[in-house]
Protein chains: 2
Amino acid sequence: MDLLSSAGGAGAAELSEEQTLELIELLFFAYRDFTSDPDEILEGYGFGRAHHRVVHFVGRNPGIRVAELLDILRITKQSLGRVLRELIETGFVFQKEGDTDRRQRLLYLTESGKDLAQQLAAPQIDRIRAALSACDGDAHGFYRDVLFHLINAQDRANVRRLIVKPE
Amino acid sequence: MDLLSSAGGAGAAELSEEQTLELIELLFFAYRDFTSDPDEILEGYGFGRAHHRVVHFVGRNPGIRVAELLDILRITKQSLGRVLRELIETGFVFQKEGDTDRRQRLLYLTESGKDLAQQLAAPQIDRIRAALSACDGDAHGFYRDVLFHLINAQDRANVRRLIVKPE
DNA sequence: TAAAATATGTCAATATGGCTGACATAAATT
DNA sequence: AATTTATGTCAGCCATATTGACATATTTTA
């Protein structure tokens with residue numbers, strides 16, 4: 001084992017500032033291009049990135065409460081309100097009263113909403129698969145672990161619970 | 001704090017749609033938190049994320065041309081114009097006429113600009129170092145390679161040239 | 001040299017997606 | 001019965017992006 005290894009990782013010394021800045025920039029460029037495909041599709045519907053996020057998370061979490069969506073997106077209910085109203089008016093999302101708590105407005109995608117979600121996800125899925133195919137070994141595992149640890153420590157448990165779906 | 005058991009490998013089969021969707025969501029959450037630290041700092045200056053991007057890329061590429069900055073940010077010159085003007089008026093950026101081409105307005109950070117860039121980068125550097133320390137082995141290399149391959153293929157050479165600095 | 005292309009800047013109008021603050025309603029909890 | 005919670009909405013504001021048109025200076029080209 002390397003004598004200079006850091007405590008947390010398994011043998012990796014701390015990155016230089018230069019190396020870290022490269023990663024900062026790579027994340028910017030990757031995110032820029034990653035969002036560009038759905039952005040083009042959304043234009044055809046008169047929607048923006050905010051609609052994409054709502055459609056995505058409602059699609060992945062049918063029956064999600066408004067409060068939870070707000071916590072995911074970290075925006076105000078006023079901001080979400082407009083986007084949600086548009087998605088409901090145009091028939092991509094619908095609301096259902098909560099079973100146990102009738103104050104809740106549980107959110108679901110309509111069939112059109114599911115189609116849209118799939119259409120938006122497709123190019124991103126392709127892009128990720130292509131990127132991982134171009135990398136060696138367990139790139140998937142490492143990529144996933146690094147992203148996970150970039151999330152605020154106090155939010156990681158919530159995120160894991162949210163994204164990992166039981167079979 | 002491991003997320004999932006990882007069983008990838010070289011020449012591994014394509015990721016399932018479910019696995020890919022998890023990566024899509026992780027990128028969203030990682031980016032959300034990654035940008036939150038500088039966002040707070042920027043507020044104190046009355047700046048936004050657009051100012052951050054300009055300060056960052058001018059700081060990393062002293063003497064960058066406006067056209068190249070536009071290509072990096074993928075925004076219109078009108079959008080850049082306002083942000084750039086504010087940064088110049090407040091003394092964080094200055095322009096210099098190009099040596100060979102006097103139409104060019106080469107961009108540089110002032111000392112205040114360098115301070116600001118460093119201040120904005122610091123929490124992101126810390127966050128990346130902490131994330132990589134929490135991961136095994138060559139997480140850095142894999143993370144870097146995946147991000148690189150998420151970039152549009154036709155842009156990768158440009159990005160590499162831009163982010164890798166000669167010693 | 002004149003014409004065209006390039007690098008940059010700016011004015012005006014518009015759209016999206018955030019924000020704060022205030023207030024309202026219905027339903028659950030205390 | 002009073003309070004809290006979950007949600008919605010009105011109004012106004014701000015930041016950041018857009019398109020289109022036009023201006024200026026400079027370089028390149030025919």
# chains A, B, ... in the order shown; residues from 1 in each chain; ligands from 1
>>> calpha_fit_and_write(fixed="chain A", moving="chain B", output="compact mmCIF listing (two decimals) with N, CA and C atoms, in the first residue's frame")
# COMPACT_ATOMS: atom_id res chain seq x y z
N MET B 1 -7.68 6.80 -24.52
CA MET B 1 -8.37 8.02 -24.09
C MET B 1 -8.32 8.18 -22.58
N ASP B 2 -7.30 7.61 -21.96
CA ASP B 2 -7.23 7.78 -20.51
C ASP B 2 -6.87 9.20 -20.18
N LEU B 3 -7.41 9.64 -19.05
CA LEU B 3 -7.24 11.04 -18.70
C LEU B 3 -5.92 11.27 -18.01
N LEU B 4 -5.69 10.51 -16.98
CA LEU B 4 -4.50 10.71 -16.16
C LEU B 4 -4.13 9.36 -15.61
N SER B 5 -2.91 9.18 -15.20
CA SER B 5 -2.58 7.94 -14.51
C SER B 5 -3.21 7.99 -13.14
N SER B 6 -3.82 6.89 -12.75
CA SER B 6 -4.48 6.88 -11.45
C SER B 6 -3.67 6.06 -10.47
N ALA B 7 -3.37 6.67 -9.35
CA ALA B 7 -2.54 5.99 -8.36
C ALA B 7 -3.15 6.10 -6.97
N GLY B 8 -4.48 6.09 -6.91
CA GLY B 8 -5.16 6.19 -5.62
C GLY B 8 -5.00 4.93 -4.80
N GLY B 9 -5.96 4.65 -3.98
CA GLY B 9 -5.92 3.42 -3.21
C GLY B 9 -6.67 3.56 -1.92
N ALA B 10 -6.95 2.43 -1.29
CA ALA B 10 -7.69 2.45 -0.04
C ALA B 10 -6.91 3.22 1.01
N GLY B 11 -7.59 4.06 1.73
CA GLY B 11 -6.93 4.86 2.75
C GLY B 11 -5.90 5.80 2.16
N ALA B 12 -6.09 6.12 0.90
CA ALA B 12 -5.11 6.98 0.22
C ALA B 12 -5.12 8.38 0.83
N ALA B 13 -4.04 9.08 0.59
CA ALA B 13 -3.95 10.45 1.11
C ALA B 13 -5.01 11.31 0.45
N GLU B 14 -5.30 12.40 1.08
CA GLU B 14 -6.29 13.33 0.56
C GLU B 14 -5.85 13.84 -0.80
N LEU B 15 -6.81 14.07 -1.65
CA LEU B 15 -6.50 14.58 -2.97
C LEU B 15 -5.89 15.98 -2.88
N SER B 16 -5.00 16.27 -3.80
CA SER B 16 -4.46 17.63 -3.87
C SER B 16 -5.56 18.58 -4.33
N GLU B 17 -5.34 19.86 -4.05
CA GLU B 17 -6.32 20.85 -4.51
C GLU B 17 -6.44 20.80 -6.03
N GLU B 18 -5.31 20.63 -6.68
CA GLU B 18 -5.30 20.55 -8.14
C GLU B 18 -6.15 19.39 -8.65
N GLN B 19 -5.98 18.24 -8.06
CA GLN B 19 -6.77 17.08 -8.48
C GLN B 19 -8.27 17.31 -8.25
N THR B 20 -8.55 17.96 -7.15
CA THR B 20 -9.95 18.20 -6.82
C THR B 20 -10.56 19.19 -7.80
N LEU B 21 -9.80 20.21 -8.16
CA LEU B 21 -10.31 21.18 -9.13
C LEU B 21 -10.59 20.52 -10.48
N GLU B 22 -9.77 19.56 -10.84
CA GLU B 22 -10.04 18.83 -12.08
C GLU B 22 -11.37 18.10 -12.00
N LEU B 23 -11.66 17.53 -10.85
CA LEU B 23 -12.93 16.82 -10.68
C LEU B 23 -14.11 17.79 -10.73
N ILE B 24 -13.92 18.96 -10.14
CA ILE B 24 -14.97 19.98 -10.19
C ILE B 24 -15.29 20.33 -11.64
N GLU B 25 -14.25 20.49 -12.43
CA GLU B 25 -14.46 20.87 -13.82
C GLU B 25 -15.04 19.73 -14.63
N LEU B 26 -14.59 18.52 -14.35
CA LEU B 26 -15.14 17.36 -15.07
C LEU B 26 -16.64 17.23 -14.80
N LEU B 27 -17.03 17.48 -13.58
CA LEU B 27 -18.47 17.39 -13.26
C LEU B 27 -19.24 18.44 -14.05
N PHE B 28 -18.66 19.63 -14.16
CA PHE B 28 -19.32 20.66 -14.96
C PHE B 28 -19.50 20.22 -16.40
N PHE B 29 -18.43 19.74 -17.02
CA PHE B 29 -18.51 19.36 -18.42
C PHE B 29 -19.41 18.14 -18.63
N ALA B 30 -19.32 17.18 -17.73
CA ALA B 30 -20.17 15.99 -17.85
C ALA B 30 -21.63 16.38 -17.74
N TYR B 31 -21.94 17.23 -16.79
CA TYR B 31 -23.33 17.64 -16.61
C TYR B 31 -23.82 18.46 -17.80
N ARG B 32 -22.93 19.30 -18.29
CA ARG B 32 -23.28 20.13 -19.46
C ARG B 32 -23.70 19.24 -20.63
N ASP B 33 -22.93 18.22 -20.92
CA ASP B 33 -23.23 17.38 -22.07
C ASP B 33 -24.35 16.39 -21.76
N PHE B 34 -24.41 15.97 -20.52
CA PHE B 34 -25.43 15.01 -20.11
C PHE B 34 -26.84 15.57 -20.28
N THR B 35 -26.98 16.85 -20.06
CA THR B 35 -28.29 17.48 -20.16
C THR B 35 -28.60 17.97 -21.58
N SER B 36 -27.61 17.96 -22.45
CA SER B 36 -27.82 18.57 -23.77
C SER B 36 -28.74 17.73 -24.65
N ASP B 37 -28.68 16.42 -24.54
CA ASP B 37 -29.54 15.57 -25.39
C ASP B 37 -31.02 15.77 -25.07
N PRO B 38 -31.43 15.59 -23.81
CA PRO B 38 -32.85 15.84 -23.52
C PRO B 38 -33.26 17.28 -23.82
N ASP B 39 -32.37 18.23 -23.61
CA ASP B 39 -32.72 19.62 -23.89
C ASP B 39 -33.19 19.79 -25.34
N GLU B 40 -32.52 19.12 -26.25
CA GLU B 40 -32.90 19.22 -27.66
C GLU B 40 -34.28 18.63 -27.91
N ILE B 41 -34.53 17.49 -27.27
CA ILE B 41 -35.83 16.84 -27.44
C ILE B 41 -36.95 17.72 -26.88
N LEU B 42 -36.68 18.29 -25.72
CA LEU B 42 -37.69 19.11 -25.04
C LEU B 42 -38.11 20.30 -25.90
N GLU B 43 -37.14 20.83 -26.62
CA GLU B 43 -37.43 21.99 -27.47
C GLU B 43 -38.58 21.71 -28.42
N GLY B 44 -38.62 20.51 -28.95
CA GLY B 44 -39.66 20.13 -29.88
C GLY B 44 -41.05 20.14 -29.27
N TYR B 45 -41.12 20.06 -27.95
CA TYR B 45 -42.40 20.08 -27.26
C TYR B 45 -42.69 21.46 -26.66
N GLY B 46 -41.76 22.38 -26.80
CA GLY B 46 -41.91 23.67 -26.15
C GLY B 46 -41.71 23.60 -24.65
N PHE B 47 -40.98 22.59 -24.23
CA PHE B 47 -40.71 22.43 -22.81
C PHE B 47 -39.26 22.77 -22.48
N GLY B 48 -38.98 22.89 -21.20
CA GLY B 48 -37.62 23.16 -20.75
C GLY B 48 -37.16 22.10 -19.78
N ARG B 49 -36.02 22.36 -19.16
CA ARG B 49 -35.42 21.37 -18.28
C ARG B 49 -36.30 21.12 -17.04
N ALA B 50 -37.05 22.14 -16.65
CA ALA B 50 -37.92 21.98 -15.49
C ALA B 50 -38.99 20.93 -15.78
N HIS B 51 -39.52 20.95 -16.99
CA HIS B 51 -40.52 19.94 -17.35
C HIS B 51 -39.89 18.55 -17.33
N HIS B 52 -38.67 18.46 -17.80
CA HIS B 52 -37.98 17.18 -17.80
C HIS B 52 -37.91 16.60 -16.39
N ARG B 53 -37.50 17.43 -15.46
CA ARG B 53 -37.34 16.95 -14.09
C ARG B 53 -38.65 16.44 -13.52
N VAL B 54 -39.72 17.20 -13.78
CA VAL B 54 -41.02 16.77 -13.27
C VAL B 54 -41.44 15.45 -13.93
N VAL B 55 -41.35 15.38 -15.23
CA VAL B 55 -41.75 14.16 -15.93
C VAL B 55 -40.92 12.98 -15.43
N HIS B 56 -39.64 13.21 -15.25
CA HIS B 56 -38.79 12.11 -14.80
C HIS B 56 -39.22 11.59 -13.43
N PHE B 57 -39.35 12.50 -12.45
CA PHE B 57 -39.59 12.04 -11.09
C PHE B 57 -41.03 11.57 -10.89
N VAL B 58 -41.96 12.12 -11.64
CA VAL B 58 -43.33 11.59 -11.57
C VAL B 58 -43.36 10.19 -12.21
N GLY B 59 -42.64 10.05 -13.30
CA GLY B 59 -42.62 8.75 -13.97
C GLY B 59 -41.99 7.67 -13.11
N ARG B 60 -40.99 8.05 -12.37
CA ARG B 60 -40.29 7.07 -11.52
C ARG B 60 -41.02 6.84 -10.21
N ASN B 61 -41.89 7.78 -9.84
CA ASN B 61 -42.61 7.67 -8.57
C ASN B 61 -44.09 7.97 -8.75
N PRO B 62 -44.78 7.05 -9.40
CA PRO B 62 -46.21 7.29 -9.68
C PRO B 62 -46.96 7.51 -8.39
N GLY B 63 -47.80 8.53 -8.39
CA GLY B 63 -48.56 8.84 -7.19
C GLY B 63 -47.80 9.72 -6.21
N ILE B 64 -46.70 10.29 -6.66
CA ILE B 64 -45.90 11.16 -5.79
C ILE B 64 -46.73 12.39 -5.40
N ARG B 65 -46.52 12.85 -4.18
CA ARG B 65 -47.23 14.05 -3.73
C ARG B 65 -46.48 15.29 -4.20
N VAL B 66 -47.19 16.38 -4.32
CA VAL B 66 -46.58 17.65 -4.74
C VAL B 66 -45.48 18.04 -3.75
N ALA B 67 -45.74 17.86 -2.46
CA ALA B 67 -44.76 18.26 -1.45
C ALA B 67 -43.45 17.51 -1.61
N GLU B 68 -43.54 16.23 -1.96
CA GLU B 68 -42.31 15.46 -2.11
C GLU B 68 -41.55 15.90 -3.35
N LEU B 69 -42.29 16.21 -4.39
CA LEU B 69 -41.66 16.71 -5.61
C LEU B 69 -40.93 18.03 -5.33
N LEU B 70 -41.54 18.86 -4.54
CA LEU B 70 -40.91 20.13 -4.17
C LEU B 70 -39.62 19.89 -3.39
N ASP B 71 -39.64 18.90 -2.52
CA ASP B 71 -38.45 18.60 -1.73
C ASP B 71 -37.33 18.05 -2.60
N ILE B 72 -37.71 17.29 -3.61
CA ILE B 72 -36.71 16.74 -4.53
C ILE B 72 -36.08 17.86 -5.35
N LEU B 73 -36.93 18.69 -5.92
CA LEU B 73 -36.45 19.69 -6.86
C LEU B 73 -35.87 20.91 -6.17
N ARG B 74 -36.23 21.09 -4.90
CA ARG B 74 -35.77 22.26 -4.14
C ARG B 74 -36.12 23.56 -4.86
N ILE B 75 -37.36 23.65 -5.27
CA ILE B 75 -37.87 24.89 -5.83
C ILE B 75 -39.14 25.24 -5.07
N THR B 76 -39.68 26.41 -5.33
CA THR B 76 -40.90 26.82 -4.64
C THR B 76 -42.11 26.25 -5.36
N LYS B 77 -43.21 26.20 -4.64
CA LYS B 77 -44.42 25.64 -5.25
C LYS B 77 -44.91 26.52 -6.38
N GLN B 78 -44.60 27.82 -6.31
CA GLN B 78 -44.98 28.72 -7.40
C GLN B 78 -44.26 28.35 -8.70
N SER B 79 -42.96 28.01 -8.54
CA SER B 79 -42.19 27.62 -9.72
C SER B 79 -42.69 26.30 -10.28
N LEU B 80 -42.90 25.35 -9.38
CA LEU B 80 -43.42 24.06 -9.83
C LEU B 80 -44.80 24.22 -10.44
N GLY B 81 -45.60 25.10 -9.85
CA GLY B 81 -46.98 25.26 -10.27
C GLY B 81 -47.14 25.47 -11.76
N ARG B 82 -46.38 26.38 -12.28
CA ARG B 82 -46.53 26.69 -13.70
C ARG B 82 -46.19 25.49 -14.58
N VAL B 83 -45.05 24.86 -14.27
CA VAL B 83 -44.59 23.71 -15.05
C VAL B 83 -45.61 22.58 -14.97
N LEU B 84 -46.10 22.33 -13.77
CA LEU B 84 -47.06 21.26 -13.57
C LEU B 84 -48.35 21.53 -14.34
N ARG B 85 -48.79 22.78 -14.25
CA ARG B 85 -50.01 23.15 -14.96
C ARG B 85 -49.88 22.91 -16.46
N GLU B 86 -48.72 23.31 -17.01
CA GLU B 86 -48.49 23.10 -18.44
C GLU B 86 -48.49 21.62 -18.80
N LEU B 87 -47.85 20.82 -17.95
CA LEU B 87 -47.78 19.38 -18.23
C LEU B 87 -49.16 18.72 -18.13
N ILE B 88 -49.99 19.25 -17.24
CA ILE B 88 -51.34 18.69 -17.09
C ILE B 88 -52.22 19.13 -18.26
N GLU B 89 -52.09 20.44 -18.60
CA GLU B 89 -52.90 20.97 -19.71
C GLU B 89 -52.57 20.29 -21.03
N THR B 90 -51.32 19.91 -21.20
CA THR B 90 -50.92 19.29 -22.46
C THR B 90 -51.02 17.78 -22.41
N GLY B 91 -51.53 17.27 -21.30
CA GLY B 91 -51.86 15.84 -21.26
C GLY B 91 -50.70 14.90 -21.02
N PHE B 92 -49.67 15.36 -20.34
CA PHE B 92 -48.56 14.46 -20.02
C PHE B 92 -48.61 13.99 -18.56
N VAL B 93 -49.31 14.75 -17.73
CA VAL B 93 -49.41 14.42 -16.30
C VAL B 93 -50.87 14.55 -15.90
N PHE B 94 -51.30 13.73 -14.97
CA PHE B 94 -52.63 13.94 -14.39
C PHE B 94 -52.57 13.76 -12.88
N GLN B 95 -53.57 14.33 -12.21
CA GLN B 95 -53.61 14.30 -10.75
C GLN B 95 -54.75 13.41 -10.28
N LYS B 96 -54.54 12.80 -9.11
CA LYS B 96 -55.59 11.99 -8.51
C LYS B 96 -55.65 12.33 -7.03
N GLU B 97 -56.83 12.42 -6.52
CA GLU B 97 -57.01 12.71 -5.10
C GLU B 97 -56.42 11.57 -4.26
N GLY B 98 -55.77 11.94 -3.15
CA GLY B 98 -55.22 10.91 -2.28
C GLY B 98 -56.31 10.05 -1.66
N ASP B 99 -56.02 8.78 -1.48
CA ASP B 99 -57.02 7.86 -0.92
C ASP B 99 -57.30 8.19 0.55
N THR B 100 -56.22 8.23 1.33
CA THR B 100 -56.38 8.44 2.77
C THR B 100 -56.48 9.92 3.10
N ASP B 101 -55.73 10.74 2.38
CA ASP B 101 -55.75 12.19 2.62
C ASP B 101 -56.23 12.88 1.36
N ARG B 102 -57.44 13.37 1.41
CA ARG B 102 -58.04 13.91 0.19
C ARG B 102 -57.56 15.32 -0.15
N ARG B 103 -56.67 15.86 0.69
CA ARG B 103 -56.06 17.13 0.30
C ARG B 103 -54.98 16.91 -0.75
N GLN B 104 -54.43 15.72 -0.74
CA GLN B 104 -53.29 15.44 -1.63
C GLN B 104 -53.73 15.35 -3.09
N ARG B 105 -52.83 15.81 -3.96
CA ARG B 105 -53.04 15.67 -5.41
C ARG B 105 -51.92 14.80 -5.94
N LEU B 106 -52.16 13.53 -5.93
CA LEU B 106 -51.10 12.59 -6.34
C LEU B 106 -50.88 12.66 -7.84
N LEU B 107 -49.61 12.60 -8.22
CA LEU B 107 -49.25 12.85 -9.61
C LEU B 107 -48.88 11.56 -10.34
N TYR B 108 -49.35 11.49 -11.58
CA TYR B 108 -49.09 10.33 -12.44
C TYR B 108 -48.81 10.81 -13.86
N LEU B 109 -48.08 9.99 -14.61
CA LEU B 109 -47.91 10.25 -16.03
C LEU B 109 -49.04 9.59 -16.81
N THR B 110 -49.50 10.29 -17.84
CA THR B 110 -50.39 9.66 -18.81
C THR B 110 -49.55 8.77 -19.72
N GLU B 111 -50.19 8.12 -20.66
CA GLU B 111 -49.43 7.30 -21.62
C GLU B 111 -48.47 8.19 -22.42
N SER B 112 -48.94 9.36 -22.82
CA SER B 112 -48.06 10.30 -23.53
C SER B 112 -46.89 10.68 -22.63
N GLY B 113 -47.17 10.88 -21.35
CA GLY B 113 -46.13 11.24 -20.42
C GLY B 113 -45.08 10.15 -20.31
N LYS B 114 -45.56 8.91 -20.26
CA LYS B 114 -44.60 7.79 -20.19
C LYS B 114 -43.75 7.73 -21.44
N ASP B 115 -44.38 7.98 -22.58
CA ASP B 115 -43.61 8.00 -23.83
C ASP B 115 -42.53 9.08 -23.78
N LEU B 116 -42.96 10.26 -23.33
CA LEU B 116 -42.00 11.37 -23.26
C LEU B 116 -40.85 11.04 -22.30
N ALA B 117 -41.19 10.50 -21.15
CA ALA B 117 -40.16 10.16 -20.17
C ALA B 117 -39.15 9.18 -20.77
N GLN B 118 -39.68 8.21 -21.48
CA GLN B 118 -38.79 7.21 -22.08
C GLN B 118 -37.90 7.84 -23.14
N GLN B 119 -38.50 8.73 -23.91
CA GLN B 119 -37.76 9.40 -24.98
C GLN B 119 -36.63 10.27 -24.40
N LEU B 120 -36.91 10.91 -23.28
CA LEU B 120 -35.91 11.78 -22.66
C LEU B 120 -34.81 10.97 -21.98
N ALA B 121 -35.21 9.84 -21.43
CA ALA B 121 -34.23 9.03 -20.70
C ALA B 121 -33.27 8.30 -21.64
N ALA B 122 -33.79 7.95 -22.82
CA ALA B 122 -33.02 7.08 -23.72
C ALA B 122 -31.59 7.56 -23.98
N PRO B 123 -31.40 8.81 -24.41
CA PRO B 123 -30.02 9.23 -24.70
C PRO B 123 -29.14 9.27 -23.45
N GLN B 124 -29.74 9.54 -22.32
CA GLN B 124 -28.95 9.58 -21.09
C GLN B 124 -28.55 8.16 -20.67
N ILE B 125 -29.45 7.22 -20.84
CA ILE B 125 -29.12 5.82 -20.56
C ILE B 125 -27.98 5.37 -21.47
N ASP B 126 -28.12 5.70 -22.74
CA ASP B 126 -27.08 5.32 -23.69
C ASP B 126 -25.74 5.93 -23.30
N ARG B 127 -25.77 7.18 -22.90
CA ARG B 127 -24.53 7.88 -22.59
C ARG B 127 -23.85 7.26 -21.38
N ILE B 128 -24.63 6.92 -20.38
CA ILE B 128 -24.05 6.32 -19.19
C ILE B 128 -23.49 4.94 -19.49
N ARG B 129 -24.25 4.16 -20.22
CA ARG B 129 -23.77 2.82 -20.56
C ARG B 129 -22.47 2.90 -21.35
N ALA B 130 -22.42 3.83 -22.28
CA ALA B 130 -21.21 3.96 -23.10
C ALA B 130 -20.02 4.40 -22.23
N ALA B 131 -20.27 5.31 -21.31
CA ALA B 131 -19.18 5.80 -20.45
C ALA B 131 -18.66 4.67 -19.58
N LEU B 132 -19.56 3.91 -19.00
CA LEU B 132 -19.12 2.83 -18.10
C LEU B 132 -18.42 1.72 -18.89
N SER B 133 -18.88 1.50 -20.11
CA SER B 133 -18.23 0.49 -20.94
C SER B 133 -16.80 0.88 -21.25
N ALA B 134 -16.55 2.16 -21.29
CA ALA B 134 -15.20 2.64 -21.62
C ALA B 134 -14.28 2.62 -20.41
N CYS B 135 -14.84 2.31 -19.25
CA CYS B 135 -14.03 2.31 -18.02
C CYS B 135 -13.82 0.88 -17.54
N ASP B 136 -12.81 0.72 -16.74
CA ASP B 136 -12.44 -0.61 -16.25
C ASP B 136 -13.34 -1.04 -15.10
N GLY B 137 -13.35 -2.33 -14.91
CA GLY B 137 -13.85 -2.98 -13.70
C GLY B 137 -15.14 -2.43 -13.16
N ASP B 138 -15.14 -2.16 -11.87
CA ASP B 138 -16.36 -1.77 -11.20
C ASP B 138 -16.53 -0.26 -11.20
N ALA B 139 -16.38 0.33 -12.36
CA ALA B 139 -16.57 1.78 -12.44
C ALA B 139 -17.97 2.15 -11.97
N HIS B 140 -18.93 1.33 -12.31
CA HIS B 140 -20.31 1.60 -11.91
C HIS B 140 -20.43 1.80 -10.41
N GLY B 141 -19.91 0.84 -9.65
CA GLY B 141 -20.03 0.91 -8.19
C GLY B 141 -19.33 2.12 -7.62
N PHE B 142 -18.16 2.42 -8.11
CA PHE B 142 -17.43 3.57 -7.59
C PHE B 142 -18.13 4.87 -7.96
N TYR B 143 -18.54 4.96 -9.19
CA TYR B 143 -19.22 6.17 -9.64
C TYR B 143 -20.46 6.41 -8.80
N ARG B 144 -21.25 5.35 -8.60
CA ARG B 144 -22.47 5.45 -7.81
C ARG B 144 -22.16 5.89 -6.38
N ASP B 145 -21.12 5.29 -5.79
CA ASP B 145 -20.81 5.59 -4.39
C ASP B 145 -20.33 7.03 -4.23
N VAL B 146 -19.53 7.49 -5.15
CA VAL B 146 -19.03 8.87 -5.03
C VAL B 146 -20.18 9.85 -5.16
N LEU B 147 -21.02 9.64 -6.17
CA LEU B 147 -22.16 10.54 -6.34
C LEU B 147 -23.02 10.55 -5.08
N PHE B 148 -23.24 9.36 -4.54
CA PHE B 148 -24.09 9.26 -3.35
C PHE B 148 -23.51 10.09 -2.20
N HIS B 149 -22.19 10.04 -2.05
CA HIS B 149 -21.57 10.76 -0.94
C HIS B 149 -21.35 12.24 -1.23
N LEU B 150 -21.62 12.65 -2.45
CA LEU B 150 -21.61 14.09 -2.73
C LEU B 150 -22.91 14.75 -2.27
N ILE B 151 -23.92 13.93 -2.05
CA ILE B 151 -25.21 14.45 -1.57
C ILE B 151 -25.07 14.83 -0.11
N ASN B 152 -25.77 15.88 0.30
CA ASN B 152 -25.79 16.27 1.71
C ASN B 152 -26.07 15.06 2.60
N ALA B 153 -25.27 14.91 3.63
CA ALA B 153 -25.39 13.73 4.48
C ALA B 153 -26.82 13.54 5.00
N GLN B 154 -27.44 14.63 5.37
CA GLN B 154 -28.78 14.50 5.96
C GLN B 154 -29.84 14.13 4.93
N ASP B 155 -29.49 14.18 3.66
CA ASP B 155 -30.47 13.85 2.62
C ASP B 155 -30.27 12.46 2.03
N ARG B 156 -29.14 11.82 2.40
CA ARG B 156 -28.79 10.57 1.71
C ARG B 156 -29.81 9.47 1.90
N ALA B 157 -30.32 9.34 3.11
CA ALA B 157 -31.28 8.27 3.38
C ALA B 157 -32.54 8.47 2.54
N ASN B 158 -32.99 9.70 2.46
CA ASN B 158 -34.16 10.02 1.63
C ASN B 158 -33.91 9.67 0.17
N VAL B 159 -32.75 10.07 -0.31
CA VAL B 159 -32.44 9.83 -1.71
C VAL B 159 -32.39 8.33 -1.98
N ARG B 160 -31.76 7.59 -1.10
CA ARG B 160 -31.66 6.15 -1.33
C ARG B 160 -33.05 5.52 -1.37
N ARG B 161 -33.88 5.93 -0.45
CA ARG B 161 -35.23 5.39 -0.43
C ARG B 161 -35.97 5.73 -1.71
N LEU B 162 -35.69 6.92 -2.20
CA LEU B 162 -36.39 7.39 -3.39
C LEU B 162 -35.94 6.66 -4.66
N ILE B 163 -34.65 6.46 -4.79
CA ILE B 163 -34.16 5.96 -6.09
C ILE B 163 -34.09 4.45 -6.17
N VAL B 164 -33.98 3.76 -5.04
CA VAL B 164 -33.90 2.31 -5.10
C VAL B 164 -35.31 1.74 -5.05
N LYS B 165 -35.69 1.10 -6.14
CA LYS B 165 -37.06 0.59 -6.27
C LYS B 165 -37.13 -0.86 -5.83
N PRO B 166 -38.13 -1.21 -5.03
CA PRO B 166 -38.30 -2.61 -4.62
C PRO B 166 -38.75 -3.44 -5.80
N GLU B 167 -38.30 -4.68 -5.84
CA GLU B 167 -38.69 -5.62 -6.91
C GLU B 167 -39.98 -6.30 -6.51
>>> interface_residues(of="chain C", to="chain B", cutoff="8 Å", atoms="only C-alpha atoms (C1' of nucleotides)", output="JSON, numbers by chain")
{"C": [7, 8, 9]}
>>> select_by_dssp(residues="chain B", states="helix (DSSP H, G or I)", output="number ranges by chain")
B: 17-34, 36-43, 49-60, 66-73, 77-89, 111-133, 139-150, 153-163
>>> select_by_dssp(residues="stretch 84-140 of chain A", states="strand (DSSP E or B)", output="number ranges by chain")
A: 93-97, 105-109
>>> residues_around(residues="C:DT29", least_positions_apart="2", cutoff="9 Å", atoms="only C-alpha atoms (C1' of nucleotides)", output="list in words")
DT3, DT4 and DT5 of chain D
>>> write_last_selection(atoms="N, CA, C and O atoms (P, O5', C5', C4', C3', O3' and C1' of nucleotides)", output="compact mmCIF listing (two decimals), in the first residue's frame")
# COMPACT_ATOMS: atom_id res chain seq x y z
P DT D 3 -54.46 28.36 18.36
O5' DT D 3 -53.59 27.25 17.62
C5' DT D 3 -53.10 26.15 18.38
C4' DT D 3 -52.50 25.12 17.45
C3' DT D 3 -51.55 25.69 16.40
O3' DT D 3 -50.32 25.01 16.51
C1' DT D 3 -53.11 24.20 15.42
P DT D 4 -49.00 25.54 15.71
O5' DT D 4 -48.83 24.37 14.64
C5' DT D 4 -48.96 23.01 15.07
C4' DT D 4 -49.18 22.12 13.88
C3' DT D 4 -48.23 22.38 12.71
O3' DT D 4 -47.59 21.17 12.39
C1' DT D 4 -50.48 22.22 11.96
P DT D 5 -46.42 21.09 11.34
O5' DT D 5 -47.21 20.49 10.09
C5' DT D 5 -47.96 19.31 10.25
C4' DT D 5 -48.70 19.00 8.97
C3' DT D 5 -47.85 19.16 7.71
O3' DT D 5 -47.99 17.97 6.96
C1' DT D 5 -49.91 20.30 7.48
>>> closest_atom_pairs(of="chain D", to="chain A", cutoff="10 Å", atoms="only C-alpha atoms (C1' of nucleotides)", output="CSV")
residue,atom,partner,partner_atom,distance
D:DT5,C1',A:Arg103,CA,8.7
D:DA6,C1',A:Arg103,CA,5.6
D:DT7,C1',A:Arg103,CA,7.2
D:DG8,C1',A:Gly81,CA,7.8
D:DT9,C1',A:Gln78,CA,8.3
